[in-house]
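Undergrad: Pasting in a structure now, in structure tokens, and then I'll have a few things to ask.
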Amino acid sequence: MMSKRELHFGLMFWAGGTHPSGWRYPSSHAGAAFDIEFLQRVTQLVEAAKFDFLFLGDRLASDPSLQTTNPSQMSRLEPFVSGASLAAATSHIGIVVTANPTYYDPYNLARMFASLDHLSQGRASWNLVTGADEIAAGNFSRQSHWDTERRYDWADEFVAVVRGLWDSDAITPLHHKGRYFDVAGPLNVKRPPQGHPVILHAGTSDRSRELGARDADVIFASQATIESAKAYYADVKSRASKYGRRDSDIAILPGLTPVVAETTEKAVEIFDHLNSFIALEPDGDGGEASRYGSLGRMGKRRNLTAVSIAIGVDVAGQDRDAPVDPLVLAEANADGQRLFADVTRLTRRDVKGPNRLTYRDLIIGHIGTGAVVVGDPNEVADHIQHWFDEKAADGFNIFPPYVPESVEAFTSLVIPELQRRGLYRTDYSGSTFRDHLGLAKPAPILSSASSL
């Protein structure tokens, strides 16, 4: 077991990058979503930097409206297939595969993860999501997507059944008879090398927090500010204690998009270059807002009308490339003040200095999602250390804005600085994902799973 708290890192793999225009960056690889050698090279890169895991997201539906924001999220390789390929090309890094219990059967899923854990020699991980993507229902003979309560009721029993099957070790019947499942067992795969593959979970609802506190080994959080992240961190760790779990039993890793270069000026230049590819919308509130992300969720309108509503000052119709009038900041509401501060933090531009903030900067800042840090290696490391020291995070799930250069920059510039500070490992402490997290192999829990 680990005696010292240390940072943990995962890499969220989106073939076109996680920035809304990362796929349009000049060096982007158009066919990356279906290029397994490319995925292997990126995974090997973060394994060399001693990352805990490579995160393979998934969607169970396609959405053509994503073609202008995240086209690699419209279609991509099935994650278990990709994960098996990564197992063959690596030796230590954890392999996180997304699987939604709402649309899986527990026996099949238990078998697939047990098999992947054996193939990878103890590096498999289940990203357990209950499914916020409503259009998936139409692909699985469902009339509608289940509501939150039903999805989590189903998931609670589903996880117990899967764990019971992992413990059956190919010889012990499960005899599970529950509210949703009637599963005889045993699983026709021997117990996984990790006992139970690492479970990762994400979500902010009360049911999600409870599931994570009880069942997850890693929690992917989405808080954009340190204040909200600290509150989430404290809440989940507190909930975990009632299940007899220690703080160190769960690693909470918010998402972080780092734009890093040798100098601050170069990092801001890269950030501006990425943002220059974002297609803005005419002012007004007609039509449908752009979609973004792996779930195709509705984004914010990319125009000054939306900014006006957000900041409480009418700036619609202004020249987007003109410097912002200082009076706009003076008259802005509290949300507007925060928006200005965040844009200045990222761009190093303000309304009065020699580097003037523009109305375009406000639009870009308004549509931004998640936590972003822009700077040189020390500045990015400072940001990470501050969140870590303040117990807002146990590490981060790194969202590379464009691939592979932003991954290379983070691993070659920031990782050595964090190692120099004694915050991050210089080598793996073992060969399994559980080893990276400092977690022991769990004892079989077959009896409790069977009795639900």
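Chain identifiers are assigned as A, B, and so on, following the order in which chains appear in the structure tokens; residues are numbered from 1 within each chain, and ligands are numbered from 1 in order of appearance.
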Determine, counting only C-alpha atoms, which protein, DNA and RNA residues have an atom within 7 Å of an atom of segment 225-230 of chain A; residues of the same chain fewer than 3 positions away are not included. Present the result as JSON, numbers by chain.
TA: {"A": [233, 234, 371, 387, 391, 392]}
Undergrad: For the residues selected in the previous step, produce a file with N, CA and C atoms as a compact mmCIF listing (two decimals), in the first residue's frame.
TA:
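Here's the written file selection.txt:
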# COMPACT_ATOMS: atom_id res chain seq x y z
N TYR A 233 -15.14 16.70 -3.93
CA TYR A 233 -14.14 15.81 -3.35
C TYR A 233 -14.51 15.45 -1.91
N ALA A 234 -14.80 16.47 -1.12
CA ALA A 234 -15.13 16.23 0.29
C ALA A 234 -16.42 15.42 0.42
N ALA A 371 -12.23 22.46 -17.06
CA ALA A 371 -11.07 23.18 -16.55
C ALA A 371 -9.98 23.21 -17.62
N TRP A 387 -4.41 22.32 -6.94
CA TRP A 387 -5.61 21.50 -6.81
C TRP A 387 -5.32 20.25 -5.95
N LYS A 391 -6.77 19.46 -1.93
CA LYS A 391 -7.69 18.32 -1.95
C LYS A 391 -8.95 18.61 -2.75
N ALA A 392 -8.68 19.16 -3.92
CA ALA A 392 -9.73 19.28 -4.93
C ALA A 392 -9.59 18.14 -5.93
Undergrad: Among segment 125-227 of chain A, which ones does DSSP place in helix (DSSP H, G or I), written as a ChimeraX atom specification?
TA: /A:134-139,148-168,206-215,226-227
Undergrad: Looking only at the backbone, which of the residues in segment 175-280 of chain A does DSSP tag as strand (DSSP E), as a PyMOL selection string?
TA: chain A and resi 176-177+182-183+198-202+218-221+251-260
Undergrad: What's the 6 Å shell around segment 16-19 of chain A, counting only C-alpha atoms, without same-chain residues fewer than 4 positions away, as a list in words?
TA: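 Neighbouring residues, sequence-local ones excluded: Trp23, Ser72, Phe399, Pro400, Pro401, Tyr402 and Val403 of chain A.
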Undergrad: Deliver the residues from the most recent selection as a file, using N, CA and C atoms, as a short mmCIF file (atom, residue, chain, number, x, y, z; two decimals), in the first residue's frame.
TA:
data_model
loop_
_atom_site.label_atom_id
_atom_site.label_comp_id
_atom_site.auth_asym_id
_atom_site.auth_seq_id
_atom_site.Cartn_x
_atom_site.Cartn_y
_atom_site.Cartn_z
N TRP A 23 -9.69 18.83 -33.96
CA TRP A 23 -9.66 18.02 -35.18
C TRP A 23 -9.28 18.85 -36.40
N SER A 72 -14.76 12.89 -34.47
CA SER A 72 -14.28 11.57 -34.05
C SER A 72 -15.20 10.93 -33.03
N PHE A 399 -7.22 15.86 -20.72
CA PHE A 399 -7.94 16.01 -21.98
C PHE A 399 -7.00 16.70 -22.98
N PRO A 400 -6.36 15.97 -23.88
CA PRO A 400 -5.44 16.61 -24.82
C PRO A 400 -6.22 17.40 -25.86
N PRO A 401 -5.99 18.70 -25.98
CA PRO A 401 -6.80 19.50 -26.91
C PRO A 401 -6.60 19.13 -28.36
N TYR A 402 -5.40 18.69 -28.72
CA TYR A 402 -5.13 18.19 -30.07
C TYR A 402 -4.10 17.07 -29.93
N VAL A 403 -4.12 16.13 -30.84
CA VAL A 403 -3.33 14.91 -30.70
C VAL A 403 -2.46 14.71 -31.95
#
Undergrad: Contacts of Leu60 of chain A at 9 Å or less, counting only C-alpha atoms, minus same-chain residues fewer than 3 places along, as a JSON list (two decimals) with C-alpha atoms, in the first residue's frame?
TA:
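As a result, out.json now contains:
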[["chain", "number", "residue", "atom", "x", "y", "z"],
["A", 100, "ASN", "CA", -22.98, 1.16, -20.13],
["A", 103, "TYR", "CA", -27.50, -1.61, -22.58],
["A", 133, "ASP", "CA", -27.25, 9.76, -24.29],
["A", 135, "ILE", "CA", -30.71, 8.57, -28.58],
["A", 136, "ALA", "CA", -29.02, 5.26, -27.69],
["A", 137, "ALA", "CA", -32.42, 3.80, -26.72],
["A", 139, "ASN", "CA", -30.58, 1.33, -31.17]]
